[in-house]
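Trainee: Below you'll find coords.cif; it's mmCIF, C-alpha atoms.
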```
data_query
loop_
_atom_site.group_PDB
_atom_site.id
_atom_site.type_symbol
_atom_site.label_atom_id
_atom_site.label_comp_id
_atom_site.auth_asym_id
_atom_site.auth_seq_id
_atom_site.Cartn_x
_atom_site.Cartn_y
_atom_site.Cartn_z
ATOM 1 C CA MET V 1 102.102 207.292 220.436
ATOM 2 C CA ALA V 2 101.364 210.958 221.123
ATOM 3 C CA GLY V 3 102.668 213.726 218.878
ATOM 4 C CA GLY V 4 105.512 216.201 219.224
ATOM 5 C CA THR V 5 106.608 218.348 222.122
ATOM 6 C CA HIS V 6 104.364 221.233 221.065
ATOM 7 C CA GLU V 7 101.210 219.133 220.817
ATOM 8 C CA ALA V 8 98.358 221.009 222.556
ATOM 9 C CA LEU V 9 94.839 220.083 223.534
ATOM 10 C CA PRO V 10 92.212 221.754 221.291
ATOM 11 C CA ASP V 11 90.483 224.795 222.798
ATOM 12 C CA GLU V 12 87.659 226.577 220.963
ATOM 13 C CA ARG V 13 88.283 229.770 222.960
ATOM 14 C CA ASN V 14 91.262 230.438 220.719
ATOM 15 C CA GLU V 15 88.911 231.240 217.852
ATOM 16 C CA LYS V 16 88.054 234.523 219.581
ATOM 17 C CA VAL V 17 91.399 235.689 220.942
ATOM 18 C CA LEU V 18 92.518 239.269 220.381
ATOM 19 C CA VAL V 19 95.960 239.725 218.853
ATOM 20 C CA TYR V 20 98.233 242.674 219.687
ATOM 21 C CA ILE V 21 99.823 244.361 216.669
ATOM 22 C CA ASN V 22 101.797 247.568 217.207
ATOM 23 C CA GLY V 23 99.659 248.846 220.068
ATOM 24 C CA GLU V 24 96.263 247.828 218.690
ATOM 25 C CA PHE V 25 94.127 244.721 219.216
ATOM 26 C CA TYR V 26 92.488 242.732 216.433
ATOM 27 C CA PRO V 27 90.226 239.663 216.355
ATOM 28 C CA ARG V 28 92.128 236.583 215.256
ATOM 29 C CA GLU V 29 90.661 236.541 211.733
ATOM 30 C CA GLU V 30 91.580 240.217 211.234
ATOM 31 C CA ALA V 31 95.114 240.037 212.648
ATOM 32 C CA LYS V 32 97.379 240.577 209.638
ATOM 33 C CA ILE V 33 100.890 241.729 208.786
ATOM 34 C CA SER V 34 101.967 243.228 205.465
ATOM 35 C CA VAL V 35 103.485 240.993 202.792
ATOM 36 C CA PHE V 36 106.353 243.518 202.879
ATOM 37 C CA ASP V 37 107.151 242.665 206.518
ATOM 38 C CA SER V 38 110.830 241.822 207.076
ATOM 39 C CA GLY V 39 109.991 238.658 208.961
ATOM 40 C CA PHE V 40 107.792 237.404 206.143
ATOM 41 C CA LEU V 41 110.268 238.372 203.438
ATOM 42 C CA VAL V 42 113.556 237.138 204.895
ATOM 43 C CA GLY V 43 112.963 235.826 208.438
ATOM 44 C CA ASP V 44 114.405 239.027 209.920
ATOM 45 C CA GLY V 45 113.248 239.191 213.531
ATOM 46 C CA VAL V 46 113.406 237.750 217.031
ATOM 47 C CA TRP V 47 110.740 236.176 219.219
ATOM 48 C CA GLU V 48 109.956 234.624 222.597
ATOM 49 C CA GLY V 49 107.460 232.044 223.824
ATOM 50 C CA LEU V 50 106.205 232.488 227.390
ATOM 51 C CA ARG V 51 103.886 230.597 229.737
ATOM 52 C CA LEU V 52 101.315 232.089 232.072
ATOM 53 C CA HIS V 53 101.301 230.442 235.505
ATOM 54 C CA ASP V 54 99.142 231.588 238.434
ATOM 55 C CA GLY V 55 98.381 234.733 236.471
ATOM 56 C CA GLU V 56 102.047 235.617 235.947
ATOM 57 C CA LEU V 57 104.485 235.172 233.071
ATOM 58 C CA ALA V 58 107.087 232.741 234.387
ATOM 59 C CA PHE V 59 110.747 233.760 233.910
ATOM 60 C CA LEU V 60 109.696 236.962 232.122
ATOM 61 C CA ASP V 61 112.961 238.785 232.890
ATOM 62 C CA LEU V 62 115.014 235.970 231.380
ATOM 63 C CA HIS V 63 112.879 235.946 228.243
ATOM 64 C CA LEU V 64 113.172 239.721 227.842
ATOM 65 C CA ASP V 65 116.929 239.516 228.414
ATOM 66 C CA ARG V 66 117.185 237.035 225.541
ATOM 67 C CA LEU V 67 114.892 239.053 223.279
ATOM 68 C CA PHE V 68 116.780 242.320 223.721
ATOM 69 C CA GLU V 69 120.172 240.622 223.446
ATOM 70 C CA GLY V 70 119.084 238.980 220.196
ATOM 71 C CA ALA V 71 117.718 242.254 218.858
ATOM 72 C CA GLN V 72 120.958 244.031 219.709
ATOM 73 C CA THR V 73 122.970 241.306 218.010
ATOM 74 C CA ILE V 74 121.122 241.713 214.706
ATOM 75 C CA GLY V 75 120.947 245.521 214.954
ATOM 76 C CA LEU V 76 117.195 245.620 215.470
ATOM 77 C CA ASP V 77 115.657 248.484 217.427
ATOM 78 C CA VAL V 78 112.695 246.949 219.266
ATOM 79 C CA GLY V 79 111.117 250.388 219.512
ATOM 80 C CA MET V 80 109.764 249.703 223.016
ATOM 81 C CA THR V 81 111.331 249.573 226.460
ATOM 82 C CA ARG V 82 111.227 246.472 228.656
ATOM 83 C CA ALA V 83 108.545 248.136 230.743
ATOM 84 C CA GLU V 84 106.458 248.951 227.673
ATOM 85 C CA LEU V 85 106.754 245.391 226.343
ATOM 86 C CA THR V 86 105.821 244.019 229.759
ATOM 87 C CA ASP V 87 102.744 246.259 229.846
ATOM 88 C CA ALA V 88 101.778 245.127 226.333
ATOM 89 C CA LEU V 89 102.104 241.468 227.330
ATOM 90 C CA HIS V 90 99.936 241.922 230.412
ATOM 91 C CA GLU V 91 97.391 243.997 228.498
ATOM 92 C CA THR V 92 97.094 241.238 225.898
ATOM 93 C CA ILE V 93 96.437 238.746 228.672
ATOM 94 C CA ARG V 94 93.909 241.082 230.300
ATOM 95 C CA ARG V 95 92.054 241.823 227.055
ATOM 96 C CA ASN V 96 91.644 238.101 226.498
ATOM 97 C CA GLY V 97 90.350 237.454 230.000
ATOM 98 C CA MET V 98 93.288 235.198 230.794
ATOM 99 C CA ALA V 99 94.605 236.787 233.985
ATOM 100 C CA ALA V 100 93.214 233.990 236.149
ATOM 101 C CA SER V 101 93.771 231.251 233.590
ATOM 102 C CA GLU V 102 96.190 228.353 233.491
ATOM 103 C CA GLY V 103 97.479 226.779 230.320
ATOM 104 C CA VAL V 104 98.122 230.019 228.438
ATOM 105 C CA HIS V 105 100.994 230.333 225.980
ATOM 106 C CA VAL V 106 102.116 233.741 224.737
ATOM 107 C CA ARG V 107 104.258 234.365 221.684
ATOM 108 C CA LEU V 108 106.011 237.736 221.374
ATOM 109 C CA MET V 109 107.461 238.560 217.965
ATOM 110 C CA VAL V 110 109.465 241.559 216.783
ATOM 111 C CA THR V 111 110.513 242.034 213.167
ATOM 112 C CA ARG V 112 112.479 244.836 211.527
ATOM 113 C CA GLY V 113 109.207 246.093 210.066
ATOM 114 C CA ASP V 114 107.863 246.674 206.584
ATOM 115 C CA LYS V 115 110.153 247.140 203.585
ATOM 116 C CA LYS V 116 109.412 249.612 200.819
ATOM 117 C CA THR V 117 110.308 246.848 198.356
ATOM 118 C CA PRO V 118 111.096 243.119 198.734
ATOM 119 C CA SER V 119 114.768 242.952 199.714
ATOM 120 C CA GLN V 120 117.224 241.766 202.362
ATOM 121 C CA ASP V 121 118.626 245.283 202.810
ATOM 122 C CA PRO V 122 117.683 246.570 206.300
ATOM 123 C CA ARG V 123 118.024 250.149 205.045
ATOM 124 C CA LEU V 124 114.824 249.612 203.073
ATOM 125 C CA ALA V 125 112.737 249.164 206.224
ATOM 126 C CA VAL V 126 110.178 251.909 206.762
ATOM 127 C CA GLY V 127 108.007 252.855 209.714
ATOM 128 C CA GLY V 128 109.817 251.017 212.496
ATOM 129 C CA PRO V 129 109.544 247.445 213.816
ATOM 130 C CA ASN V 130 106.414 245.307 213.881
ATOM 131 C CA VAL V 131 105.574 243.963 217.347
ATOM 132 C CA VAL V 132 103.026 241.144 217.583
ATOM 133 C CA ILE V 133 101.736 239.328 220.666
ATOM 134 C CA ILE V 134 99.558 236.226 220.382
ATOM 135 C CA ALA V 135 98.117 234.737 223.578
ATOM 136 C CA GLU V 136 96.339 231.388 223.310
ATOM 137 C CA HIS V 137 94.767 228.862 225.622
ATOM 138 C CA LYS V 138 97.260 226.034 225.117
ATOM 139 C CA VAL V 139 97.576 223.100 227.463
ATOM 140 C CA ALA V 140 100.337 220.678 226.575
ATOM 141 C CA ASP V 141 98.956 217.273 225.676
ATOM 142 C CA PRO V 142 99.507 215.186 228.845
ATOM 143 C CA GLY V 143 99.882 212.094 226.687
ATOM 144 C CA VAL V 144 103.151 213.439 225.304
ATOM 145 C CA ARG V 145 104.594 214.033 228.764
ATOM 146 C CA GLU V 146 103.440 210.606 229.889
ATOM 147 C CA LYS V 147 104.450 208.506 226.884
ATOM 148 C CA GLY V 148 107.456 210.506 225.749
ATOM 149 C CA VAL V 149 108.712 211.256 222.256
ATOM 150 C CA ARG V 150 110.756 209.448 219.594
ATOM 151 C CA LEU V 151 113.648 211.248 217.929
ATOM 152 C CA PHE V 152 115.332 210.760 214.572
ATOM 153 C CA THR V 153 118.790 212.156 213.853
ATOM 154 C CA SER V 154 118.570 214.520 210.913
ATOM 155 C CA THR V 155 121.223 214.922 208.243
ATOM 156 C CA VAL V 156 120.779 218.688 208.676
ATOM 157 C CA ARG V 157 123.466 220.030 211.017
ATOM 158 C CA ARG V 158 123.207 223.011 213.329
ATOM 159 C CA PRO V 159 125.379 225.733 211.782
ATOM 160 C CA PRO V 160 128.335 227.314 213.583
ATOM 161 C CA PRO V 161 128.095 230.784 215.146
ATOM 162 C CA ASP V 162 129.869 232.397 212.209
ATOM 163 C CA THR V 163 127.093 231.164 209.887
ATOM 164 C CA LEU V 164 123.968 231.631 212.003
ATOM 165 C CA ASP V 165 124.457 231.783 215.759
ATOM 166 C CA GLN V 166 122.057 229.214 217.191
ATOM 167 C CA ARG V 167 121.840 231.180 220.438
ATOM 168 C CA LEU V 168 119.677 233.657 218.532
ATOM 169 C CA ASN V 169 115.952 232.990 218.849
ATOM 170 C CA SER V 170 115.415 234.356 215.371
ATOM 171 C CA HIS V 171 112.667 233.944 212.789
ATOM 172 C CA SER V 172 115.144 232.123 210.527
ATOM 173 C CA LYS V 173 114.191 228.509 211.299
ATOM 174 C CA LEU V 174 114.172 226.770 207.903
ATOM 175 C CA HIS V 175 116.999 224.377 208.781
ATOM 176 C CA GLU V 176 115.008 223.238 211.817
ATOM 177 C CA VAL V 177 111.858 222.799 209.718
ATOM 178 C CA VAL V 178 113.723 220.640 207.197
ATOM 179 C CA ALA V 179 115.192 218.568 210.035
ATOM 180 C CA LEU V 180 111.734 218.017 211.491
ATOM 181 C CA ILE V 181 110.339 216.997 208.091
ATOM 182 C CA GLN V 182 113.053 214.331 207.868
ATOM 183 C CA ALA V 183 112.116 213.055 211.335
ATOM 184 C CA LEU V 184 108.416 212.956 210.549
ATOM 185 C CA THR V 185 109.083 211.132 207.294
ATOM 186 C CA ALA V 186 111.084 208.571 209.265
ATOM 187 C CA GLY V 187 108.126 208.026 211.613
ATOM 188 C CA ALA V 188 109.559 209.908 214.597
ATOM 189 C CA ASP V 189 108.085 212.832 216.530
ATOM 190 C CA GLU V 190 110.962 215.318 216.440
ATOM 191 C CA ALA V 191 114.482 215.702 215.066
ATOM 192 C CA LEU V 192 117.772 215.359 216.893
ATOM 193 C CA MET V 193 120.453 217.546 215.310
ATOM 194 C CA LEU V 194 124.235 217.296 215.386
ATOM 195 C CA ASP V 195 126.761 220.117 215.376
ATOM 196 C CA PRO V 196 129.402 220.609 212.644
ATOM 197 C CA THR V 197 131.824 218.289 214.510
ATOM 198 C CA GLY V 198 129.329 215.417 214.645
ATOM 199 C CA ALA V 199 128.570 215.834 218.352
ATOM 200 C CA VAL V 200 124.980 216.000 219.563
ATOM 201 C CA ALA V 201 123.690 219.578 219.593
ATOM 202 C CA THR V 202 119.953 219.892 220.210
ATOM 203 C CA CYS V 203 116.535 219.060 218.798
ATOM 204 C CA ASN V 204 114.716 221.065 216.154
ATOM 205 C CA ALA V 205 112.581 222.918 218.740
ATOM 206 C CA THR V 206 113.808 221.799 222.170
ATOM 207 C CA ASN V 207 117.053 221.266 224.069
ATOM 208 C CA PHE V 208 118.282 217.706 224.555
ATOM 209 C CA PHE V 209 119.628 215.967 227.684
ATOM 210 C CA VAL V 210 120.810 212.457 228.485
ATOM 211 C CA VAL V 211 121.319 210.727 231.825
ATOM 212 C CA ARG V 212 124.257 208.326 232.129
ATOM 213 C CA ARG V 213 125.162 206.593 235.393
ATOM 214 C CA GLY V 214 123.441 209.229 237.476
ATOM 215 C CA GLU V 215 124.957 212.171 235.594
ATOM 216 C CA VAL V 216 122.983 214.639 233.477
ATOM 217 C CA TRP V 217 124.597 215.718 230.203
ATOM 218 C CA THR V 218 123.623 218.324 227.676
ATOM 219 C CA SER V 219 125.533 219.811 224.753
ATOM 220 C CA THR V 220 128.109 222.565 225.025
ATOM 221 C CA GLY V 221 125.458 225.088 224.035
ATOM 222 C CA HIS V 222 127.604 226.492 221.231
ATOM 223 C CA TYR V 223 125.207 225.160 218.595
ATOM 224 C CA SER V 224 121.845 225.387 220.332
ATOM 225 C CA LEU V 225 119.399 227.938 221.617
ATOM 226 C CA ASN V 226 120.213 229.177 225.108
ATOM 227 C CA GLY V 227 116.883 227.862 226.329
ATOM 228 C CA ILE V 228 115.333 229.277 229.490
ATOM 229 C CA THR V 229 114.156 225.807 230.550
ATOM 230 C CA ARG V 230 117.581 224.357 229.703
ATOM 231 C CA ARG V 231 119.231 226.968 231.910
ATOM 232 C CA THR V 232 116.763 226.311 234.715
ATOM 233 C CA VAL V 233 117.380 222.558 234.614
ATOM 234 C CA LEU V 234 121.135 223.103 234.862
ATOM 235 C CA GLU V 235 120.622 225.356 237.884
ATOM 236 C CA LEU V 236 118.235 222.875 239.508
ATOM 237 C CA CYS V 237 120.726 220.034 239.093
ATOM 238 C CA ARG V 238 123.480 222.027 240.770
ATOM 239 C CA ALA V 239 121.223 223.155 243.597
ATOM 240 C CA ASP V 240 119.980 219.585 244.216
ATOM 241 C CA GLY V 241 123.415 217.997 244.098
ATOM 242 C CA ILE V 242 122.801 216.167 240.811
ATOM 243 C CA PRO V 243 126.010 215.860 238.735
ATOM 244 C CA VAL V 244 125.514 217.840 235.528
ATOM 245 C CA SER V 245 127.743 218.981 232.690
ATOM 246 C CA GLU V 246 127.657 220.814 229.371
ATOM 247 C CA ARG V 247 129.884 218.758 227.114
ATOM 248 C CA ALA V 248 130.434 217.273 223.670
ATOM 249 C CA PHE V 249 129.058 213.749 223.324
ATOM 250 C CA SER V 250 128.220 211.407 220.477
ATOM 251 C CA LEU V 251 125.225 209.423 219.283
ATOM 252 C CA THR V 252 126.908 206.308 220.664
ATOM 253 C CA GLU V 253 126.596 207.820 224.130
ATOM 254 C CA VAL V 254 122.977 208.719 223.425
ATOM 255 C CA TYR V 255 122.061 205.175 222.367
ATOM 256 C CA GLY V 256 123.614 203.818 225.555
ATOM 257 C CA ALA V 257 122.044 206.383 227.892
ATOM 258 C CA ASP V 258 119.949 205.362 230.883
ATOM 259 C CA GLU V 259 117.454 208.185 230.282
ATOM 260 C CA ALA V 260 116.925 211.080 227.914
ATOM 261 C CA PHE V 261 114.625 214.081 227.889
ATOM 262 C CA VAL V 262 114.031 217.354 226.096
ATOM 263 C CA THR V 263 113.200 220.764 227.535
ATOM 264 C CA GLY V 264 111.198 223.759 226.389
ATOM 265 C CA THR V 265 108.981 226.522 227.700
ATOM 266 C CA PHE V 266 105.786 224.955 226.363
ATOM 267 C CA GLY V 267 106.181 221.333 227.409
ATOM 268 C CA GLY V 268 108.637 221.626 230.290
ATOM 269 C CA LEU V 269 110.539 218.326 230.545
ATOM 270 C CA ILE V 270 109.448 215.537 228.197
ATOM 271 C CA PRO V 271 111.023 212.069 228.246
ATOM 272 C CA VAL V 272 112.657 210.668 225.122
ATOM 273 C CA VAL V 273 111.897 206.960 224.721
ATOM 274 C CA LYS V 274 113.560 206.201 221.388
ATOM 275 C CA VAL V 275 116.328 207.677 219.246
ATOM 276 C CA ASP V 276 116.810 206.365 215.709
ATOM 277 C CA GLY V 277 114.705 203.330 216.556
ATOM 278 C CA ARG V 278 116.798 202.438 219.606
ATOM 279 C CA THR V 279 115.001 202.286 222.948
ATOM 280 C CA ILE V 280 116.547 204.573 225.558
ATOM 281 C CA GLY V 281 116.821 202.925 228.970
ATOM 282 C CA ALA V 282 113.526 201.273 229.877
ATOM 283 C CA GLY V 283 111.671 203.156 227.140
ATOM 284 C CA GLU V 284 109.810 205.345 229.625
ATOM 285 C CA ARG V 285 110.318 208.316 231.916
ATOM 286 C CA GLY V 286 113.317 207.558 234.121
ATOM 287 C CA PRO V 287 113.633 208.340 237.837
ATOM 288 C CA LEU V 288 116.027 211.255 237.405
ATOM 289 C CA THR V 289 113.852 212.773 234.681
ATOM 290 C CA ALA V 290 110.878 212.427 237.031
ATOM 291 C CA ARG V 291 112.813 214.114 239.844
ATOM 292 C CA LEU V 292 113.864 217.014 237.630
ATOM 293 C CA THR V 293 110.300 217.391 236.355
ATOM 294 C CA GLU V 294 109.101 217.851 239.934
ATOM 295 C CA LEU V 295 111.863 220.370 240.642
ATOM 296 C CA TYR V 296 111.112 222.283 237.453
ATOM 297 C CA ASP V 297 107.374 222.470 238.086
ATOM 298 C CA ARG V 298 108.126 223.825 241.551
ATOM 299 C CA ALA V 299 110.567 226.374 240.089
ATOM 300 C CA VAL V 300 107.882 227.641 237.692
ATOM 301 C CA THR V 301 105.447 228.091 240.585
ATOM 302 C CA GLU V 302 108.083 229.942 242.608
ATOM 303 C CA ALA V 303 108.996 232.163 239.648
ATOM 304 C CA ALA V 304 105.338 233.131 239.217
ATOM 305 C CA ALA V 305 105.060 233.892 242.939
ATOM 306 C CA ARG V 306 108.126 236.164 242.772
ATOM 307 C CA ALA V 307 106.678 237.958 239.773
ATOM 308 C CA ALA V 308 103.394 238.488 241.618
ATOM 309 C CA GLY V 309 105.234 239.987 244.581
ATOM 310 C CA ALA V 310 107.469 242.244 242.502
#
```
Starting from the coordinates I provided, produce the structure as structure tokens.
Mentor:
Amino acid sequence: MAGGTHEALPDERNEKVLVYINGEFYPREEAKISVFDSGFLVGDGVWEGLRLHDGELAFLDLHLDRLFEGAQTIGLDVGMTRAELTDALHETIRRNGMAASEGVHVRLMVTRGDKKTPSQDPRLAVGGPNVVIIAEHKVADPGVREKGVRLFTSTVRRPPPDTLDQRLNSHSKLHEVVALIQALTAGADEALMLDPTGAVATCNATNFFVVRRGEVWTSTGHYSLNGITRRTVLELCRADGIPVSERAFSLTEVYGADEAFVTGTFGGLIPVVKVDGRTIGAGERGPLTARLTELYDRAVTEAAARAAGA
């Protein structure tokens, strides 16, 4: 069985990538952030993962919307405009000779910046935010998309919005890491996580969907990241006449599903073949998952074409 949803094929070109840090470019081995950085100290920051397709960053506007909304929510001044961040992203791609490449993944990270002493207090930040962009040659392992992934339901719940709003794509991910460790220990590939009510919420790093009797279900979204791919799949279902709903549902309804899949920017749509040792449907990619995968791949191509013509 292949690995998790972020499993990538090895690429030796990544040893020589240039990393953007606050307006400058550094070779990979020299790209460093201070030990006083807010993200390192207390996970204080927001980030986005983007894919390059046909030389363009697919769904860039949606990713920037989420980044700036998250930054505003936590009172973080990004220190750059949308246009400046866009230029920095494209310059990172250009510097690495990736403009004509496929299979490029870009991670944009913004933290509150360095602290004058180790502390949670945001008033101790000095010098403004730290902005880092890492572009790598990363092709999702086709074996994962073909064979699917196995999930294990973690005992770690997704917290409610008044604890840590899961719509925030923040650097604070320890609960997801612990959930994944439980899943790996149980012999699965990724973790399925429940919300505080016991309903299915999401996975540790992807959004979760089931198909039951021709209908596509995903969680309410109150306890999961507002994923760009998740949003796109919902829109594609509605446009294609596929019944779809955001709703509360239980593990019982997962175990009895006809199909299941997860979504994310890196892997797109990946079938789920087992949950807690129970085979989902036929234990392979189902027909509706296959249909949505085709629609999504087309949507990515169209989004890149629109970006190129903008």
Trainee: Pick out the residues sitting within 9 Å of range 277-294 of chain V, and hand them over as a PDB file with C-alpha atoms, in the frame of the given file; count all atoms listed in the file, and ignore anything fewer than 5 positions along from it in its own chain.
Mentor:
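Dumped everything to around-v9.pdb:
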```pdb
ATOM      1  CA  ARG V 145     104.594 214.033 228.764  1.00  0.00           C
ATOM      2  CA  GLU V 146     103.440 210.606 229.889  1.00  0.00           C
ATOM      3  CA  LYS V 147     104.450 208.506 226.884  1.00  0.00           C
ATOM      4  CA  GLY V 148     107.456 210.506 225.749  1.00  0.00           C
ATOM      5  CA  ARG V 150     110.756 209.448 219.594  1.00  0.00           C
ATOM      6  CA  LEU V 151     113.648 211.248 217.929  1.00  0.00           C
ATOM      7  CA  PHE V 152     115.332 210.760 214.572  1.00  0.00           C
ATOM      8  CA  ALA V 188     109.559 209.908 214.597  1.00  0.00           C
ATOM      9  CA  VAL V 211     121.319 210.727 231.825  1.00  0.00           C
ATOM     10  CA  GLY V 214     123.441 209.229 237.476  1.00  0.00           C
ATOM     11  CA  VAL V 216     122.983 214.639 233.477  1.00  0.00           C
ATOM     12  CA  VAL V 233     117.380 222.558 234.614  1.00  0.00           C
ATOM     13  CA  LEU V 236     118.235 222.875 239.508  1.00  0.00           C
ATOM     14  CA  CYS V 237     120.726 220.034 239.093  1.00  0.00           C
ATOM     15  CA  VAL V 254     122.977 208.719 223.425  1.00  0.00           C
ATOM     16  CA  TYR V 255     122.061 205.175 222.367  1.00  0.00           C
ATOM     17  CA  GLY V 256     123.614 203.818 225.555  1.00  0.00           C
ATOM     18  CA  ALA V 257     122.044 206.383 227.892  1.00  0.00           C
ATOM     19  CA  ASP V 258     119.949 205.362 230.883  1.00  0.00           C
ATOM     20  CA  GLU V 259     117.454 208.185 230.282  1.00  0.00           C
ATOM     21  CA  ALA V 260     116.925 211.080 227.914  1.00  0.00           C
ATOM     22  CA  PHE V 261     114.625 214.081 227.889  1.00  0.00           C
ATOM     23  CA  GLY V 268     108.637 221.626 230.290  1.00  0.00           C
ATOM     24  CA  LEU V 269     110.539 218.326 230.545  1.00  0.00           C
ATOM     25  CA  ILE V 270     109.448 215.537 228.197  1.00  0.00           C
ATOM     26  CA  PRO V 271     111.023 212.069 228.246  1.00  0.00           C
ATOM     27  CA  VAL V 272     112.657 210.668 225.122  1.00  0.00           C
ATOM     28  CA  ALA V 299     110.567 226.374 240.089  1.00  0.00           C
TER      29      ALA V 299
END
```
Trainee: Which residue gives the smallest distance to Ile134 in chain V among V:Asp165, V:Asp54, V:Asp121, V:Glu91, with all atoms listed in the file counted?
Mentor: V:Glu91
Trainee: Determine the nearest neighbour of Ala308 in chain V from the options V:Gly79, V:Gly55, V:Gly127, V:Gly70, counting only C-alpha atoms.
Mentor: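 Going through V:Gly79, V:Gly55, V:Gly127, V:Gly70 one by one, the smallest distance to Ala308 in chain V is for V:Gly55.
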Trainee: Counting all atoms listed in the file, which residues come within 10 Å of (108.4, 222.4, 224.2), with the point read in the file's coordinates, and could you list them as a ChimeraX atom specification?
Mentor: /V:4-7,49,140,205-207,229,262-270
Trainee: Could you check which of V:Asp87, V:Arg157, V:Pro122, V:Val144 is closest to Gly75 in chain V, using all atoms listed in the file?
Mentor: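 The closest residue to Gly75 in chain V is V:Pro122.
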Trainee: On this structure, which residues satisfy the PyMOL selection byres ((chain V and resi 178) around 12), written as a PDB file with C-alpha atoms, keeping the file's coordinate frame?
Mentor:
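Written file, result.pdb:
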```pdb
ATOM      1  CA  THR V 153     118.790 212.156 213.853  1.00  0.00           C
ATOM      2  CA  SER V 154     118.570 214.520 210.913  1.00  0.00           C
ATOM      3  CA  THR V 155     121.223 214.922 208.243  1.00  0.00           C
ATOM      4  CA  VAL V 156     120.779 218.688 208.676  1.00  0.00           C
ATOM      5  CA  ARG V 157     123.466 220.030 211.017  1.00  0.00           C
ATOM      6  CA  ARG V 158     123.207 223.011 213.329  1.00  0.00           C
ATOM      7  CA  LYS V 173     114.191 228.509 211.299  1.00  0.00           C
ATOM      8  CA  LEU V 174     114.172 226.770 207.903  1.00  0.00           C
ATOM      9  CA  HIS V 175     116.999 224.377 208.781  1.00  0.00           C
ATOM     10  CA  GLU V 176     115.008 223.238 211.817  1.00  0.00           C
ATOM     11  CA  VAL V 177     111.858 222.799 209.718  1.00  0.00           C
ATOM     12  CA  ALA V 179     115.192 218.568 210.035  1.00  0.00           C
ATOM     13  CA  LEU V 180     111.734 218.017 211.491  1.00  0.00           C
ATOM     14  CA  ILE V 181     110.339 216.997 208.091  1.00  0.00           C
ATOM     15  CA  GLN V 182     113.053 214.331 207.868  1.00  0.00           C
ATOM     16  CA  ALA V 183     112.116 213.055 211.335  1.00  0.00           C
ATOM     17  CA  LEU V 184     108.416 212.956 210.549  1.00  0.00           C
ATOM     18  CA  THR V 185     109.083 211.132 207.294  1.00  0.00           C
ATOM     19  CA  GLU V 190     110.962 215.318 216.440  1.00  0.00           C
ATOM     20  CA  ALA V 191     114.482 215.702 215.066  1.00  0.00           C
ATOM     21  CA  LEU V 192     117.772 215.359 216.893  1.00  0.00           C
ATOM     22  CA  MET V 193     120.453 217.546 215.310  1.00  0.00           C
ATOM     23  CA  ASN V 204     114.716 221.065 216.154  1.00  0.00           C
ATOM     24  CA  ALA V 205     112.581 222.918 218.740  1.00  0.00           C
TER      25      ALA V 205
END
```
Trainee: Contacts of Glu15 in chain V at 12 Å or less, counting only C-alpha atoms, minus same-chain residues fewer than 5 places along, as a list of chain:residue names?
Mentor: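 Once the adjacent positions are removed, what remains is V:Pro10, V:Pro27, V:Arg28, V:Glu29, V:Glu30, V:Ala31, V:Asn96, V:Ala135, V:Glu136, V:His137.
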Trainee: List, as an NGL selection string, every residue that the PyMOL selection byres ((chain V and resi 117) around 12) selects in the file provided.
Mentor: :V and (34-38 or 41 or 113-116 or 118-126)
Trainee: Considering only C-alpha atoms, state which residue in the set V:Lys16, V:His90, V:His63, V:Arg51 is at the smallest distance from Asn169 in chain V.
Mentor: V:His63
Trainee: Residues within 12 Å of Pro196 in chain V, please, as a ChimeraX atom specification. Count all atoms listed in the file; anything in the same chain fewer than 2 positions from it doesn't count.
Mentor: /V:155-163,193-194,198-201,222-224,248
Trainee: Would you please work out which residue, of V:Arg238, V:Arg213, V:Arg298, V:Arg112, is nearest to Gly45 in chain V when using all atoms listed in the file?
Mentor: V:Arg112
Trainee: Looking at all atoms listed in the file, which of V:His171, V:Glu56, V:Ala305, V:Phe249 is the one that sits closest to Thr197 in chain V?
Mentor: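 Checking each candidate against Thr197 in chain V, we get V:Phe249 as the closest.
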Trainee: Pull the neighbourhood of (111.7, 239.6, 219.1) for me: all residues within 6 Å in file coordinates, counting all atoms listed in the file, as a ChimeraX atom specification.
Mentor: /V:45-47,67,109-110
Trainee: Between CA of Val244 in chain V and CA of Leu225 in chain V, what is the distance, to one decimal in Å?
Mentor: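 Straight-line distance from CA of Val244 in chain V to CA of Leu225 in chain V works out to 18.2 Å.
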Trainee: Do you have the CA of Lys138 in chain V-CA of Arg13 in chain V distance handy?
Mentor: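 Those two atoms sit 10.0 Å apart.
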Trainee: Interatomic distance between CA of Glu84 in chain V and CA of Gly23 in chain V?
Mentor: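 One can read the CA of Glu84 in chain V to CA of Gly23 in chain V distance as 10.2 Å.
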Trainee: Please evaluate the PyMOL selection byres ((chain V and resi 101) around 8) against the structure above and give the resulting residues as a PyMOL selection string.
Mentor: chain V and resi 52-55+97-100+102-104
Trainee: Quick one: write out the picked residues with C-alpha atoms as a PDB file, in the frame of the given file?
Mentor:
```pdb
ATOM      1  CA  LEU V  52     101.315 232.089 232.072  1.00  0.00           C
ATOM      2  CA  HIS V  53     101.301 230.442 235.505  1.00  0.00           C
ATOM      3  CA  ASP V  54      99.142 231.588 238.434  1.00  0.00           C
ATOM      4  CA  GLY V  55      98.381 234.733 236.471  1.00  0.00           C
ATOM      5  CA  GLY V  97      90.350 237.454 230.000  1.00  0.00           C
ATOM      6  CA  MET V  98      93.288 235.198 230.794  1.00  0.00           C
ATOM      7  CA  ALA V  99      94.605 236.787 233.985  1.00  0.00           C
ATOM      8  CA  ALA V 100      93.214 233.990 236.149  1.00  0.00           C
ATOM      9  CA  GLU V 102      96.190 228.353 233.491  1.00  0.00           C
ATOM     10  CA  GLY V 103      97.479 226.779 230.320  1.00  0.00           C
ATOM     11  CA  VAL V 104      98.122 230.019 228.438  1.00  0.00           C
TER      12      VAL V 104
END
```
Trainee: If we count all atoms listed in the file and set the cut-off at 8 Å, which residues sit around Trp217 in chain V, ignoring sequence neighbours fewer than 5 positions away in its own chain? Please answer as a PyMOL selection string.
Mentor: chain V and resi 209-212+244-247
